[in-house]
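Trainee: Have a look at this one before I ask anything.
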Amino acid sequence: MTDFTMEKDADGVAVVTWDCPGKSMNVMSGEALIELSDLIDAALADETVKGIVITSGKKDFAGGMDLNVLADMKSAAGDNPAQGLFDGIMQMHALLRKIELAGMDFKTKKGGKPIAAALPGTAVGIGLELPLSTHRIFAADNPKAKIGLPEIMVGIFPGAGGTTRLVRKLGAMAASPFLLQGKLVDPKKAKGAGIIDEVADDPVAAAKEWVLNAKDADLVKPWDAKGYKMPGGAPYHPAGFQTFVGASAMVNANTNGAFPAAKALLSAVYEGAMVPFDTALKVEARWFTHILMNPSSSAMIRSLFLNKEALEKGAVRPQGIADQSVKKVGVLGAGMMGAGIALVSAMAGIEVVLIDQKQEAADKGKAYTETYMDKGIKRGKATAEKKEQILSLITATTDYDALKDADLIIEAVFEDPGIKAEVTKNVEAVIPEDCIFASNTSTLPITGLAKASSRPEQFIGIHFFSPVEKMLLVEIIKGKETGDRAVAKALDYVRQIRKTPIVVNDARFFYANRCIIPYLNEGARMVAEGVAPALIENAAKQLGMPLGPLQLVDETSLDLGVKIAKATKAAMGDAYPADMKPVDDLMFSMVDEGRLGRKSQAGFYNYDEKGKRQGFWEGLAEKCPVAEEQPDLIEVQHRLMFSQVLEAVRALEEGVLEDIREGDVGAILGWGFAPWSGGPFSWLDILGTPYAAERCDQLTEAYGERFACPALLREMGEKGQTFYGRFGKQEKAAA
Amino acid sequence: MTDAYIYDAVRTPRGKGRPDGSLHEVTSVRMSATVLNALKDRNGLDGHAVEDVIWGNVTQVMEQGACLARTAVLASDLDESIPGLAINRFCASGMEAVNLAANQVKGGAGEAYIAGGVEMMSRVPMGSDGAAMAVDPTVALDQYFVPQGISADIIATEYGFSRDQVDALAVESQKRAKAAWDANRFEKSIIPVTDVNGLTILDHDEFLRPGTDMQTLGALKASFKDMGEVMPGFDKVAMLKYPHLDKINHVHHAGNSSGIVDGSAGVLVGNAEFGKKYGLKPRARIRATAKIGTDPTIMLTGPVPATQKILAESGLTVGDIDLFEVNEAFAAVVLRFQQAFDVDPARVNVNGGSIAMGHPLGATGAIIIGTLLDELERTDKELGLATLCIASGMGAATIIERV
């Protein structure tokens with residue numbers, strides 16, 4: 001297999017083309033690095049070669065590093081994985097540094113061969129780090145191309161010199177959005193930011209021309225030239241000092257101290273800024289090794305990169321079922337959820353029939369898409385034509401006949417089994433026999449709803465999160481009789497609308513809500529106990545939860561909580577846990593006082609007229625006086641974490657979850673569960689099951705039976721097992 | 001063990017720490033030598049009378065760099081055989097110099113020391129020596145670094161001090177400092193700063209703003225609100241360490257924080273033999289010294305545990321102490337001290353403090369020991385305790401006892 005090839009043209013320019021066979025996007029592998037290194041050696045040694053242009057045989061340059069390379073480096077080193085990683089990373093640095101110095105005499109900076117990069121499209125991760133090591137970067141004028149270093153998004157940071165080179169090129173301040181937020185930009189913006197040098201119609205031709213005309217001085221990077229000063233100042237330069245003080249504070253404040261990769265990145269930048277370039281690369285390699293050795297990084301890569309992608313590519317799709325791509329979807333109910341489902345479906349090019357009882361309501365649902373597109377036009381992300389085209393896909397009507405050629409129905413009517421049953425019957429009378437019927441219920445068991453269907457094997461749950469267009473996860477629920485084709489249909493549809501699916505079995509609250517509800521309850525329960533509300537919220541945020549439980553209750557509304565509590569009570573009867581009383585008392589009384597959450601501008605927090613959150617409601621302290629003695633932060637955090645993860649374990653134990661990958665990916669994408677942990681099961685693995693089981697016992701003793709250790713966790717703790725060791729389906733976890 | 005006594009204490013006036021301040025034209029070396037010479041001359045010492053000069057100074061770069069203590073000795077009338085030791089414990093450097101000297105004397109390492117410090121804040125700006133604590137991510141993030149002003153506001157929030165309370169303390173500091181100057185209470189210790197010709201450059205503290213009242217202070221904008229709430233958002237960092245707070249109450253501003261000034265001070269510390277040798281009468285015994293590390297985020301609460309420690313170690317209680325000097329780095333620091341020990345404000349900083357007269361970082365610790373001693377003598381009291389909060393979360397204290 002050859003990923004890189006080289007061809008010398010008549011002018012003496014060696015063109016190195018990256019073209020991974022059988023892949024749509026170039027991805028760097030360990031073997032490819034060696035190939036590239038050999039080709040560079042050959043070109044530098046060949047006297048007839050005047051210069052080198054590195055480009056791609058595909059429409060894009062490269063999508064980054066195969067993250068399994070890092071895992072291989074680690075495992076190949078046996079009992080000293082850190083050394084293996086460090087050595088491997090240093091080899092990568094050596095290759096890129098060889099390109100950068102291009103055979104020049106380091107003292108005189110003369111005699112090197114010009115090397116340029118020509119990027120036809122997207123260049124991210126090592127796909128940008130490699131060009132950054134060349135002497136000049138040309139990119140095609142391709143507005144769809146994305147250029148940047150998104151490593152931080154999966155819990156690592158640019159570790160092939162990208163961190164060190166970008167900071168030296170742009171300065172710490174200007175580099176920070178690209179490094180700390182993983183910001184991606186199009187080629188024009190990349191040029192504006194100083195990341196690349198030229199935008200050209202034919203980047204390869206432009207690069208060749210530059211290579212043939214480049215002088216010795218053109219090959220010397222600013223940081224290799226005498227008297228180099230970092231733009232904006234190094235850490236102990238007066239201006240640089242302010243930047244670095246601010247950077248530390250902002251990383252701490254914005255990540256709530258919960259993302260080790262951002263901290264390690266910042267250390268690499270700070271320490272690297274004060275030493276010569278080659279030493280800075282070594283420092284970067286040390287911190288990169290450090291972050292790759294952190295279990296949080298492995299867990300994040302596993303969930304947010306490898307397993308997320310695997311689920312999107314159909315890892316859990318039933319075998320042997322033909323493509324079920326949706327052509328026409330009928331959306332029943334044009335409320336907030338229905339309108340959002342219509343929007344994302346039309347955006348994916350699917351024809352939509354949006355039905356409501358009144359034409360006015362259906363029109364309002366369609367108008368949601370119009371408003372969304374208008375906003376996009378305002379931001380320059382959409383055009384008037386695009387808007388017309390998308391709107392033309394949506395038919396807003398009251399007429400069920402419009403559904404007669406739909407191949408998927410998504411019902412999003414009022415959460416009432418009676419209403420849903422009636423709608424199911426009426427619609428099934430019209431739709432084709434092979435049409436799949438899905439309910440977007442968030443609380444009602446699918447098996448029960450399927451009873452209204454004459455084709456229960458074609459009946460399934462497709463649970464969207466709100467707001468539909470923003471949330472990345474879709475939870476697919478199999479009823480008792482749901483057949484494989486319905487599952488495949490739902491999965492293919494979710495792929496079309498570019499979201500991440502998980503497939504779970506039917507049970508109360510399915511998976512996501514089952515785990516979130518105890519989190520919300522635990523927050524309210526602590527308020528009732530007299531724990532300072534700020535401590536509860538900040539404890540959650542320091543865990544990396546996007547919202548504290550009290551804020552989340554306000555967002556989802558207290559009356560919904562009360563409604564769910566009443567329904568659960570009715571369904572469970574005497575089995576309803578007695579320890580829910582303090583939670584119910586607090587929530588019910590707040591609802592009685594009209595404090596329904598943000599929507600009523602009154603909840604656990606106060607809100608101004610515009611709905612902007614202010615401080616905590618003063619009345620809360622009267623209702624639940626803050627106790628003199630406050631618990632430790634860790635205690636509060638463990639109550640919040642265990643309340644969620646124990647539900648995840650029970651869901652696995654009961655077979656609601658069939659695959660822990662879905663449990664982890666779903667938790668992060670569905671409700672923002674501490675992304676640094678990799679998800680509930682990854683978190684338990686990091687914690688260690690023996691310790692987790694022991695903590696369950698302590699929490700049970702202190703706070704009650706809801707923390708009782710599930711038998712599965714108990715057994716795993718006794719055996720010292722990990723969830724990924726026992727249930728992991730992907731043997732080869734990343735880094 | 002040998003006792004360590006204070007034989008003399010002097011200080012220069014404090015000049016505004018700005019280019020238009022009167023002492024801006026004077027070098028750190030000259031300021032230091034002025035104090036060393038005054039102690040030598042006032043006490044009729046030989047050039048080799050002391051074992052060492054221990055000199056506190058925070059921003060040890062440029063003219064204050066490279067062991068200023070040694071340079072100062074060479075620039076003074078002391079013999080070249082006196083070495084010179086520059087030390088930095090931030091705001092308590094001047095106190096730490098005195099405490100180190102006292103403990104050296106107690107341990108028998110030399111008969112006498114000159115200890116004190118200098119800070120020419122108009123010439124060598126605060127912070128110009130860098131600070132890994134603020135920018136090295138391995139400490140700045142893990143220790144939840146915030147600037148001192150934010151720390152002072154955390155104290156106000158955590159211990160419940162309102163804007164009115166901190167402003168009232170500042171008004172009182174100004175009132176007391178003015179009254180002290182009007183009554184010539186600093187006369188004994190102030191040594192004018194002169195030029196090479198002996199012409200006076202400054203002979204009084206020039207930072208005071210007599211007539212400051214609640215209205216004038218009320219008009220000032222909280223200094224640390226923007227950096228706390230907006231850019232770069234230090235309040236969120238503070239709440240990582242203090243998660244039970246839901247916001248930081250920003251109450252401090254230029255009017256209720258210590259002033260940036262130029263100044264120097266020195267204390268002559270020696271054992272009984274030293275006094276006999278030079279015919280000097282000891283003014284006070286240095287009864288106890290203490291230092292302690294505390295949480296670096298709230299940073300400035302050190303005076304409380306430092307005081308608890310020094311009292312416990314010396315077998316005293318708060319009630320035994322006649323007068324307190326608690327450095328007015330920020331108003332909330334003093335309020336917290338008074339709150340923690342339930343001390344009558346009438347016994348604390350009776351002649352005003354750093355809010356009114358300024359806080360020349362490296363010198364203040366020595367200044368307040370001198371001020372405390374003068375006031376004990378004036379009011380014929382016995383025991384005094386001086387303490388300072390210190391950057392990066394430290395505290396220091398000294399107890400002196402008249403003899």
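Simple scheme: letters A, B, ... for chains in structure tokens order, numbers from 1 for residues in each chain, numbers from 1 for ligands in the order shown.
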Specify as a PDB file with C-alpha atoms, in the first residue's frame all residues of chain A found within 9 Å of chain B, counting only C-alpha atoms.
Mentor:
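File written: part23.pdb
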```
ATOM      1  CA  PRO A 235       5.395  35.069  28.772  1.00  0.00           C
ATOM      2  CA  TYR A 236       7.744  37.502  30.505  1.00  0.00           C
ATOM      3  CA  HIS A 237       7.516  40.246  27.961  1.00  0.00           C
ATOM      4  CA  PRO A 238       5.171  42.911  29.446  1.00  0.00           C
ATOM      5  CA  PHE A 241       2.596  38.475  30.415  1.00  0.00           C
ATOM      6  CA  GLN A 242      -0.913  39.908  30.229  1.00  0.00           C
ATOM      7  CA  THR A 243      -1.777  37.432  27.471  1.00  0.00           C
ATOM      8  CA  PHE A 244      -0.529  34.478  29.456  1.00  0.00           C
ATOM      9  CA  VAL A 245      -2.218  35.585  32.705  1.00  0.00           C
ATOM     10  CA  GLY A 246      -5.445  35.918  30.750  1.00  0.00           C
ATOM     11  CA  ALA A 247      -4.994  32.604  28.959  1.00  0.00           C
ATOM     12  CA  SER A 248      -4.598  30.641  32.184  1.00  0.00           C
ATOM     13  CA  ALA A 249      -7.591  32.345  33.757  1.00  0.00           C
ATOM     14  CA  MET A 250      -9.776  31.870  30.705  1.00  0.00           C
ATOM     15  CA  VAL A 251      -8.903  28.230  30.256  1.00  0.00           C
ATOM     16  CA  ASN A 252      -9.634  27.647  33.919  1.00  0.00           C
ATOM     17  CA  ALA A 253     -12.866  29.634  33.860  1.00  0.00           C
ATOM     18  CA  ASN A 254     -14.193  28.293  30.575  1.00  0.00           C
ATOM     19  CA  ASN A 256     -14.215  24.777  34.863  1.00  0.00           C
ATOM     20  CA  GLY A 257     -10.845  23.149  35.318  1.00  0.00           C
ATOM     21  CA  LYS A 263      -4.123  22.649  30.569  1.00  0.00           C
ATOM     22  CA  ALA A 264      -1.441  20.515  28.956  1.00  0.00           C
ATOM     23  CA  LEU A 266      -1.216  25.744  27.669  1.00  0.00           C
ATOM     24  CA  SER A 267       1.822  24.367  29.474  1.00  0.00           C
ATOM     25  CA  TYR A 270       4.113  28.584  27.953  1.00  0.00           C
ATOM     26  CA  GLU A 271       7.184  26.445  28.482  1.00  0.00           C
ATOM     27  CA  VAL A 531     -26.759  22.387  50.699  1.00  0.00           C
ATOM     28  CA  ALA A 532     -25.860  25.811  49.287  1.00  0.00           C
ATOM     29  CA  PRO A 533     -27.438  26.023  45.798  1.00  0.00           C
ATOM     30  CA  ALA A 534     -24.247  27.600  44.401  1.00  0.00           C
ATOM     31  CA  LEU A 535     -22.231  24.649  45.682  1.00  0.00           C
ATOM     32  CA  ILE A 536     -24.548  22.211  43.896  1.00  0.00           C
ATOM     33  CA  GLU A 537     -24.395  24.105  40.601  1.00  0.00           C
ATOM     34  CA  ASN A 538     -20.664  24.780  40.726  1.00  0.00           C
ATOM     35  CA  ALA A 539     -19.935  21.185  41.711  1.00  0.00           C
ATOM     36  CA  GLN A 542     -16.602  21.522  37.772  1.00  0.00           C
ATOM     37  CA  GLY A 615     -29.059  35.092  40.812  1.00  0.00           C
ATOM     38  CA  PHE A 616     -30.798  32.408  42.833  1.00  0.00           C
ATOM     39  CA  GLN A 630     -21.649  22.390  54.059  1.00  0.00           C
ATOM     40  CA  LEU A 633     -17.199  19.527  46.962  1.00  0.00           C
TER      41      LEU A 633
END
```
Trainee: Write out as a PDB file with N, CA and C atoms, in the first residue's frame each polymer residue whose atoms come within 8 Å of segment 42-49 of chain B, counting only C-alpha atoms; drop sequence neighbours fewer than 2 positions from it.
Mentor:
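Writing the result to part.pdb gives the following:
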```pdb
ATOM      1  N   ASP B   8      16.438  50.733  67.699  1.00  0.00           N
ATOM      2  CA  ASP B   8      15.978  51.918  66.984  1.00  0.00           C
ATOM      3  C   ASP B   8      15.176  51.478  65.770  1.00  0.00           C
ATOM      4  N   ALA B  38      21.251  56.659  58.643  1.00  0.00           N
ATOM      5  CA  ALA B  38      20.509  57.247  59.765  1.00  0.00           C
ATOM      6  C   ALA B  38      20.635  56.364  61.003  1.00  0.00           C
ATOM      7  N   LEU B  39      20.512  55.053  60.806  1.00  0.00           N
ATOM      8  CA  LEU B  39      20.610  54.149  61.956  1.00  0.00           C
ATOM      9  C   LEU B  39      22.016  54.160  62.537  1.00  0.00           C
ATOM     10  N   LYS B  40      23.008  54.249  61.662  1.00  0.00           N
ATOM     11  CA  LYS B  40      24.395  54.294  62.120  1.00  0.00           C
ATOM     12  C   LYS B  40      24.634  55.591  62.902  1.00  0.00           C
ATOM     13  N   GLU B  51      26.285  42.644  62.159  1.00  0.00           N
ATOM     14  CA  GLU B  51      26.722  41.406  61.515  1.00  0.00           C
ATOM     15  C   GLU B  51      26.370  41.400  60.021  1.00  0.00           C
ATOM     16  N   ASP B  77      27.582  54.401  54.666  1.00  0.00           N
ATOM     17  CA  ASP B  77      28.780  54.618  55.462  1.00  0.00           C
ATOM     18  C   ASP B  77      29.194  53.371  56.253  1.00  0.00           C
ATOM     19  N   LEU B  78      28.503  52.276  56.051  1.00  0.00           N
ATOM     20  CA  LEU B  78      28.903  51.042  56.718  1.00  0.00           C
ATOM     21  C   LEU B  78      30.156  50.489  56.033  1.00  0.00           C
ATOM     22  N   ASP B  79      30.890  49.666  56.770  1.00  0.00           N
ATOM     23  CA  ASP B  79      32.116  49.092  56.219  1.00  0.00           C
ATOM     24  C   ASP B  79      31.806  48.048  55.149  1.00  0.00           C
ATOM     25  N   SER B  81      32.983  45.274  55.035  1.00  0.00           N
ATOM     26  CA  SER B  81      32.972  43.949  55.666  1.00  0.00           C
ATOM     27  C   SER B  81      31.551  43.501  56.034  1.00  0.00           C
ATOM     28  N   ILE B  82      30.584  44.408  55.991  1.00  0.00           N
ATOM     29  CA  ILE B  82      29.178  44.012  56.235  1.00  0.00           C
ATOM     30  C   ILE B  82      28.628  43.493  54.902  1.00  0.00           C
ATOM     31  N   ALA B 112      24.275  41.982  66.341  1.00  0.00           N
ATOM     32  CA  ALA B 112      23.285  42.967  65.893  1.00  0.00           C
ATOM     33  C   ALA B 112      23.130  42.935  64.377  1.00  0.00           C
ATOM     34  N   TYR B 278      27.463  49.878  72.921  1.00  0.00           N
ATOM     35  CA  TYR B 278      27.270  51.209  72.324  1.00  0.00           C
ATOM     36  C   TYR B 278      26.481  52.159  73.226  1.00  0.00           C
ATOM     37  N   LEU B 280      23.451  51.853  74.349  1.00  0.00           N
ATOM     38  CA  LEU B 280      22.083  52.041  73.872  1.00  0.00           C
ATOM     39  C   LEU B 280      21.098  51.336  74.786  1.00  0.00           C
TER      40      LEU B 280
END
```
Trainee: Give me, as number ranges by chain, all polymer residues having an atom no more than 8 Å from Phe604 of chain A, counting only C-alpha atoms and skipping those fewer than 3 positions away in the same chain.
Mentor: A: 550-551, 554, 595, 597, 616-617, 620
Trainee: Of the residues A:Glu411, A:Ala71, A:Ser297, A:Gly314, which is the one nearest to Val353 of chain A, using only C-alpha atoms?
Mentor: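 Selected residue with least distance to Val353 of chain A: A:Glu411.
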Trainee: Can you tell me which residues surround Arg402 of chain B at a distance of at most 8 Å, considering only C-alpha atoms, apart from same-chain residues fewer than 3 positions away, and format the answer as a list in words?
Mentor: Arg283, Ala284, Arg285, Leu373, Leu376, Glu377, Lys381, Glu382 and Leu383 of chain B
Trainee: Keeping N, CA and C atoms for every residue in the selection just given, could you write it to a file as a PDB file, in the first residue's frame?
Mentor:
```pdb
ATOM      1  N   ARG B 283      14.617  49.390  73.330  1.00  0.00           N
ATOM      2  CA  ARG B 283      13.267  49.965  73.385  1.00  0.00           C
ATOM      3  C   ARG B 283      12.208  48.875  73.512  1.00  0.00           C
ATOM      4  N   ALA B 284      12.485  47.729  72.917  1.00  0.00           N
ATOM      5  CA  ALA B 284      11.502  46.635  73.005  1.00  0.00           C
ATOM      6  C   ALA B 284      12.205  45.319  72.751  1.00  0.00           C
ATOM      7  N   ARG B 285      11.598  44.280  73.283  1.00  0.00           N
ATOM      8  CA  ARG B 285      12.081  42.933  73.018  1.00  0.00           C
ATOM      9  C   ARG B 285      11.233  42.346  71.900  1.00  0.00           C
ATOM     10  N   LEU B 373       5.862  50.392  67.740  1.00  0.00           N
ATOM     11  CA  LEU B 373       6.733  50.670  68.880  1.00  0.00           C
ATOM     12  C   LEU B 373       6.563  52.120  69.353  1.00  0.00           C
ATOM     13  N   LEU B 376       3.290  52.360  71.232  1.00  0.00           N
ATOM     14  CA  LEU B 376       3.347  51.716  72.553  1.00  0.00           C
ATOM     15  C   LEU B 376       4.046  52.638  73.538  1.00  0.00           C
ATOM     16  N   GLU B 377       5.114  53.264  73.069  1.00  0.00           N
ATOM     17  CA  GLU B 377       5.857  54.169  73.948  1.00  0.00           C
ATOM     18  C   GLU B 377       5.029  55.408  74.286  1.00  0.00           C
ATOM     19  N   LYS B 381       2.190  51.633  76.687  1.00  0.00           N
ATOM     20  CA  LYS B 381       1.621  50.289  76.724  1.00  0.00           C
ATOM     21  C   LYS B 381       2.728  49.271  76.513  1.00  0.00           C
ATOM     22  N   GLU B 382       2.385  48.013  76.632  1.00  0.00           N
ATOM     23  CA  GLU B 382       3.443  47.018  76.714  1.00  0.00           C
ATOM     24  C   GLU B 382       3.594  46.124  75.482  1.00  0.00           C
ATOM     25  N   LEU B 383       2.488  45.499  75.083  1.00  0.00           N
ATOM     26  CA  LEU B 383       2.583  44.470  74.047  1.00  0.00           C
ATOM     27  C   LEU B 383       1.916  44.908  72.740  1.00  0.00           C
TER      28      LEU B 383
END
```
Trainee: Give me every strand (DSSP E) residue in segment 45-137 of chain A, going by DSSP on the backbone, as a list in words.
Mentor: Gly51, Ile52, Val53, Ile54, Thr55, Ser56, Gly64, Met65, Ile115, Ala116, Ala117, Ala118, Leu119, Ala123, Val124, Arg136 and Ile137 of chain A
Trainee: Could you save the residues just selected, with N, CA and C atoms, as a PDB file, in the first residue's frame?
Mentor:
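Dumped to selection_8.pdb:
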```pdb
ATOM      1  N   GLY A  51      13.180  21.600  -6.049  1.00  0.00           N
ATOM      2  CA  GLY A  51      12.293  21.880  -4.919  1.00  0.00           C
ATOM      3  C   GLY A  51      11.176  20.851  -4.876  1.00  0.00           C
ATOM      4  N   ILE A  52      10.367  20.935  -3.828  1.00  0.00           N
ATOM      5  CA  ILE A  52       9.331  19.911  -3.612  1.00  0.00           C
ATOM      6  C   ILE A  52       7.983  20.598  -3.393  1.00  0.00           C
ATOM      7  N   VAL A  53       6.943  20.026  -3.975  1.00  0.00           N
ATOM      8  CA  VAL A  53       5.575  20.460  -3.676  1.00  0.00           C
ATOM      9  C   VAL A  53       4.834  19.253  -3.110  1.00  0.00           C
ATOM     10  N   ILE A  54       4.252  19.439  -1.948  1.00  0.00           N
ATOM     11  CA  ILE A  54       3.482  18.342  -1.341  1.00  0.00           C
ATOM     12  C   ILE A  54       1.998  18.650  -1.538  1.00  0.00           C
ATOM     13  N   THR A  55       1.272  17.724  -2.156  1.00  0.00           N
ATOM     14  CA  THR A  55      -0.154  17.971  -2.394  1.00  0.00           C
ATOM     15  C   THR A  55      -0.938  16.676  -2.208  1.00  0.00           C
ATOM     16  N   SER A  56      -2.194  16.707  -2.615  1.00  0.00           N
ATOM     17  CA  SER A  56      -3.066  15.567  -2.387  1.00  0.00           C
ATOM     18  C   SER A  56      -3.688  15.113  -3.690  1.00  0.00           C
ATOM     19  N   GLY A  64      -6.426  14.320   8.992  1.00  0.00           N
ATOM     20  CA  GLY A  64      -5.745  14.207  10.274  1.00  0.00           C
ATOM     21  C   GLY A  64      -5.009  12.893  10.433  1.00  0.00           C
ATOM     22  N   MET A  65      -4.780  12.565  11.680  1.00  0.00           N
ATOM     23  CA  MET A  65      -3.993  11.393  12.032  1.00  0.00           C
ATOM     24  C   MET A  65      -4.937  10.232  12.303  1.00  0.00           C
ATOM     25  N   ILE A 115      10.406  23.881  -0.194  1.00  0.00           N
ATOM     26  CA  ILE A 115       9.309  22.901  -0.104  1.00  0.00           C
ATOM     27  C   ILE A 115       8.016  23.661   0.170  1.00  0.00           C
ATOM     28  N   ALA A 116       7.017  23.455  -0.680  1.00  0.00           N
ATOM     29  CA  ALA A 116       5.731  24.136  -0.491  1.00  0.00           C
ATOM     30  C   ALA A 116       4.624  23.113  -0.389  1.00  0.00           C
ATOM     31  N   ALA A 117       3.528  23.519   0.251  1.00  0.00           N
ATOM     32  CA  ALA A 117       2.359  22.651   0.339  1.00  0.00           C
ATOM     33  C   ALA A 117       1.258  23.237  -0.529  1.00  0.00           C
ATOM     34  N   ALA A 118       0.564  22.398  -1.264  1.00  0.00           N
ATOM     35  CA  ALA A 118      -0.559  22.836  -2.090  1.00  0.00           C
ATOM     36  C   ALA A 118      -1.800  22.085  -1.632  1.00  0.00           C
ATOM     37  N   LEU A 119      -2.746  22.823  -1.034  1.00  0.00           N
ATOM     38  CA  LEU A 119      -3.903  22.183  -0.417  1.00  0.00           C
ATOM     39  C   LEU A 119      -5.137  22.380  -1.295  1.00  0.00           C
ATOM     40  N   ALA A 123      -7.806  20.741   5.285  1.00  0.00           N
ATOM     41  CA  ALA A 123      -6.518  20.329   5.851  1.00  0.00           C
ATOM     42  C   ALA A 123      -6.591  20.533   7.356  1.00  0.00           C
ATOM     43  N   VAL A 124      -6.820  19.453   8.070  1.00  0.00           N
ATOM     44  CA  VAL A 124      -6.956  19.581   9.521  1.00  0.00           C
ATOM     45  C   VAL A 124      -6.047  18.586  10.239  1.00  0.00           C
ATOM     46  N   ARG A 136       6.065  27.310   2.512  1.00  0.00           N
ATOM     47  CA  ARG A 136       4.966  28.159   2.061  1.00  0.00           C
ATOM     48  C   ARG A 136       3.739  27.295   1.809  1.00  0.00           C
ATOM     49  N   ILE A 137       2.571  27.825   2.222  1.00  0.00           N
ATOM     50  CA  ILE A 137       1.344  27.037   2.077  1.00  0.00           C
ATOM     51  C   ILE A 137       0.401  27.726   1.089  1.00  0.00           C
TER      52      ILE A 137
END
```
Trainee: Counting only C-alpha atoms, figure out which residue out of B:Gly228, B:Gly393, B:Gly302, B:Pro13 gets nearest to Thr194 of chain B.
Mentor: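 That would be B:Pro13, the residue with the smallest distance to Thr194 of chain B.
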Trainee: Can you tell me, as a CSV table (one decimal) with N, CA and C atoms, in the first residue's frame, what residues are no more than 10 Å from Val26 of chain B when counting only C-alpha atoms, ignoring any on the same chain fewer than 4 positions away?
Mentor:
```csv
chain,number,residue,atom,x,y,z
B,22,SER,N,7.3,62.9,44.8
B,22,SER,CA,8.5,63.6,45.1
B,22,SER,C,9.8,62.7,45.2
B,30,ARG,N,20.1,54.9,46.9
B,30,ARG,CA,20.2,56.1,47.8
B,30,ARG,C,19.2,56.1,49.0
B,31,MET,N,18.0,55.6,48.6
B,31,MET,CA,16.9,55.5,49.7
B,31,MET,C,17.4,54.5,50.7
B,120,MET,N,10.8,51.2,45.7
B,120,MET,CA,10.6,52.4,44.9
B,120,MET,C,9.7,52.1,43.8
B,122,SER,N,7.6,53.7,42.1
B,122,SER,CA,7.5,54.6,40.9
B,122,SER,C,8.6,54.3,39.9
B,123,ARG,N,9.7,53.7,40.4
B,123,ARG,CA,10.8,53.5,39.5
B,123,ARG,C,11.0,52.0,39.0
B,193,VAL,N,14.3,62.7,53.3
B,193,VAL,CA,15.2,62.3,52.2
B,193,VAL,C,15.8,63.5,51.6
B,194,THR,N,17.1,63.5,51.5
B,194,THR,CA,17.8,64.7,51.0
B,194,THR,C,18.5,64.3,49.7
B,195,ASP,N,19.0,65.4,49.0
B,195,ASP,CA,19.8,65.2,47.8
B,195,ASP,C,21.3,65.1,48.2
B,201,ILE,N,14.4,66.7,50.0
B,201,ILE,CA,13.5,66.4,48.9
B,201,ILE,C,12.1,66.1,49.4
B,262,ASP,N,6.6,55.2,47.2
B,262,ASP,CA,8.1,55.0,47.3
B,262,ASP,C,8.4,55.1,48.8
```
Trainee: Assign secondary structure with DSSP using the backbone only, and return the residues of segment 211-281 of chain B in helix (DSSP H, G or I) as a PyMOL selection string.
Mentor: chain B and resi 214-218+225-229+234-241+254-256+272-278
Trainee: Taking only C-alpha atoms into account, name the residue in A:Leu219, A:Leu408, A:Val503, A:Ile564 that is nearest to Thr108 of chain A.
Mentor: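 Counting only C-alpha atoms, the residue closest to Thr108 of chain A is A:Leu219.
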